[in-house]
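What follows is one structure encoded as structure tokens, with my remarks underneath.
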Amino acid sequence: MKELNKYLEKIEDLLKKSNFVDADDKTTEIFKKHSPLSRGTLIRLDEMWVEHSHGKYGFSVQAAIYNECGYYEAFIPRVGWEKILEESDFAVSNEFAGANLVFVGYSYGRSNQAPKGNMPTVFSDYSRSILDVFA
């Protein structure tokens with residue numbers, strides 16, 4: 001519990017400084033080391049993300065976007081984790097033949113230009129448990 005609280009304090013410190021990239025990395029670490037996280041911990045993490053990003057990031061933000069989209073394949077390009085391929089993309093490379101999405105990583109997260117809901121990126125791996133709390 002002490003280690004978990006240290007992670008939470010570190011994440012909040014990073015968020016207060018608008019260091020969203022490092023806060024995202026620490027949020028991923030907390031999930032990997034302490035899952036399953038309690039409902040209370042998920043809510044606390046979300047509140048920190050929402051507060052310090054002024055409503056741009058957080059699990060509840062992601063859950064709202066997910067609910068608007070209706071399904072995961074529409075959600076992921078909306079938050080900037082993948083992009084919908086344009087016709088010109090197909091002309092450049094045939095490796096995308098038959099696919100309409102391509103993973104572009106979390107490159108937006110390396111700047112403050114990330115779209116709403118882009119972080120925390122851990123949502124992509126733990127979406128079911130997160131949606132159980134915030135959906």
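Each chain of the structure tokens is named A, B, ... in the order shown, its residues numbered from 1; ligands are numbered from 1 in display order.
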
Residue contacts of region 52-60 of chain A (6 Å, only C-alpha atoms) excluding same-chain residues fewer than 3 positions away, as a PDB file with N, CA and C atoms, in the first residue's frame:
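Generated file (result_35.pdb):
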ATOM      1  N   LEU A  15       1.503  15.504 -12.842  1.00  0.00           N
ATOM      2  CA  LEU A  15       0.328  16.133 -13.446  1.00  0.00           C
ATOM      3  C   LEU A  15       0.237  17.614 -13.078  1.00  0.00           C
ATOM      4  N   LYS A  16       0.569  17.941 -11.831  1.00  0.00           N
ATOM      5  CA  LYS A  16       0.552  19.343 -11.406  1.00  0.00           C
ATOM      6  C   LYS A  16       1.503  20.183 -12.249  1.00  0.00           C
ATOM      7  N   ASP A  46      -8.281   8.963 -11.849  1.00  0.00           N
ATOM      8  CA  ASP A  46      -9.089   9.724 -12.804  1.00  0.00           C
ATOM      9  C   ASP A  46      -9.249  11.173 -12.364  1.00  0.00           C
ATOM     10  N   TRP A  49      -6.075  13.110 -13.060  1.00  0.00           N
ATOM     11  CA  TRP A  49      -5.892  13.368 -14.497  1.00  0.00           C
ATOM     12  C   TRP A  49      -6.859  14.445 -14.984  1.00  0.00           C
ATOM     13  N   ALA A  63     -13.960   7.149 -21.135  1.00  0.00           N
ATOM     14  CA  ALA A  63     -15.200   6.371 -21.104  1.00  0.00           C
ATOM     15  C   ALA A  63     -16.327   7.118 -21.812  1.00  0.00           C
ATOM     16  N   LYS A 116      -8.188  15.131 -27.096  1.00  0.00           N
ATOM     17  CA  LYS A 116      -8.919  14.844 -25.867  1.00  0.00           C
ATOM     18  C   LYS A 116      -9.053  13.332 -25.706  1.00  0.00           C
ATOM     19  N   GLY A 117      -8.749  12.850 -24.498  1.00  0.00           N
ATOM     20  CA  GLY A 117      -8.871  11.430 -24.204  1.00  0.00           C
ATOM     21  C   GLY A 117      -7.646  10.602 -24.547  1.00  0.00           C
ATOM     22  N   MET A 119      -4.749  10.389 -23.157  1.00  0.00           N
ATOM     23  CA  MET A 119      -4.063   9.825 -21.992  1.00  0.00           C
ATOM     24  C   MET A 119      -5.023   9.687 -20.824  1.00  0.00           C
ATOM     25  N   PHE A 134     -16.331   3.464 -14.951  1.00  0.00           N
ATOM     26  CA  PHE A 134     -16.696   4.781 -15.478  1.00  0.00           C
ATOM     27  C   PHE A 134     -17.780   4.790 -16.548  1.00  0.00           C
TER      28      PHE A 134
END

For this session: Within 7 Å of region 25-40 of chain A, counting only C-alpha atoms, which residues show up once you throw out same-chain ones fewer than 2 positions away? Write them as a ChimeraX atom specification, please.
Result: /A:7,11,21-23,42-44,120,122,133

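The residues of region 4-36 of chain A that DSSP classifies as helix (DSSP H, G or I), using the backbone of this structure, are Leu4, Asn5, Lys6, Tyr7, Leu8, Glu9, Lys10, Ile11, Glu12, Asp13, Leu14, Leu15, Lys16, Phe20, Val21, Asp22, Ala23, Asp24, Asp25, Lys26, Thr27, Thr28, Glu29, Ile30, Phe31, Lys32, Lys33 and His34 of chain A.
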
Problem set entry | Residue with smallest distance to Leu131 (chain A) - pool A:Val50, A:Pro115, A:Val61, A:Pro77, counting only C-alpha atoms |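 Among the listed residues, A:Val61 lies closest to Leu131 (chain A).
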
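The coordinates place CA of Glu12 (chain A) at 23.5 Å from CA of Ala135 (chain A).
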
Problem set entry | Given only C-alpha atoms as the counted atoms, nearest of A:Ala64, A:Val79, A:Met1, A:Leu8 to Ala114 (chain A) |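 Distance minimum relative to Ala114 (chain A) lands on A:Val79.
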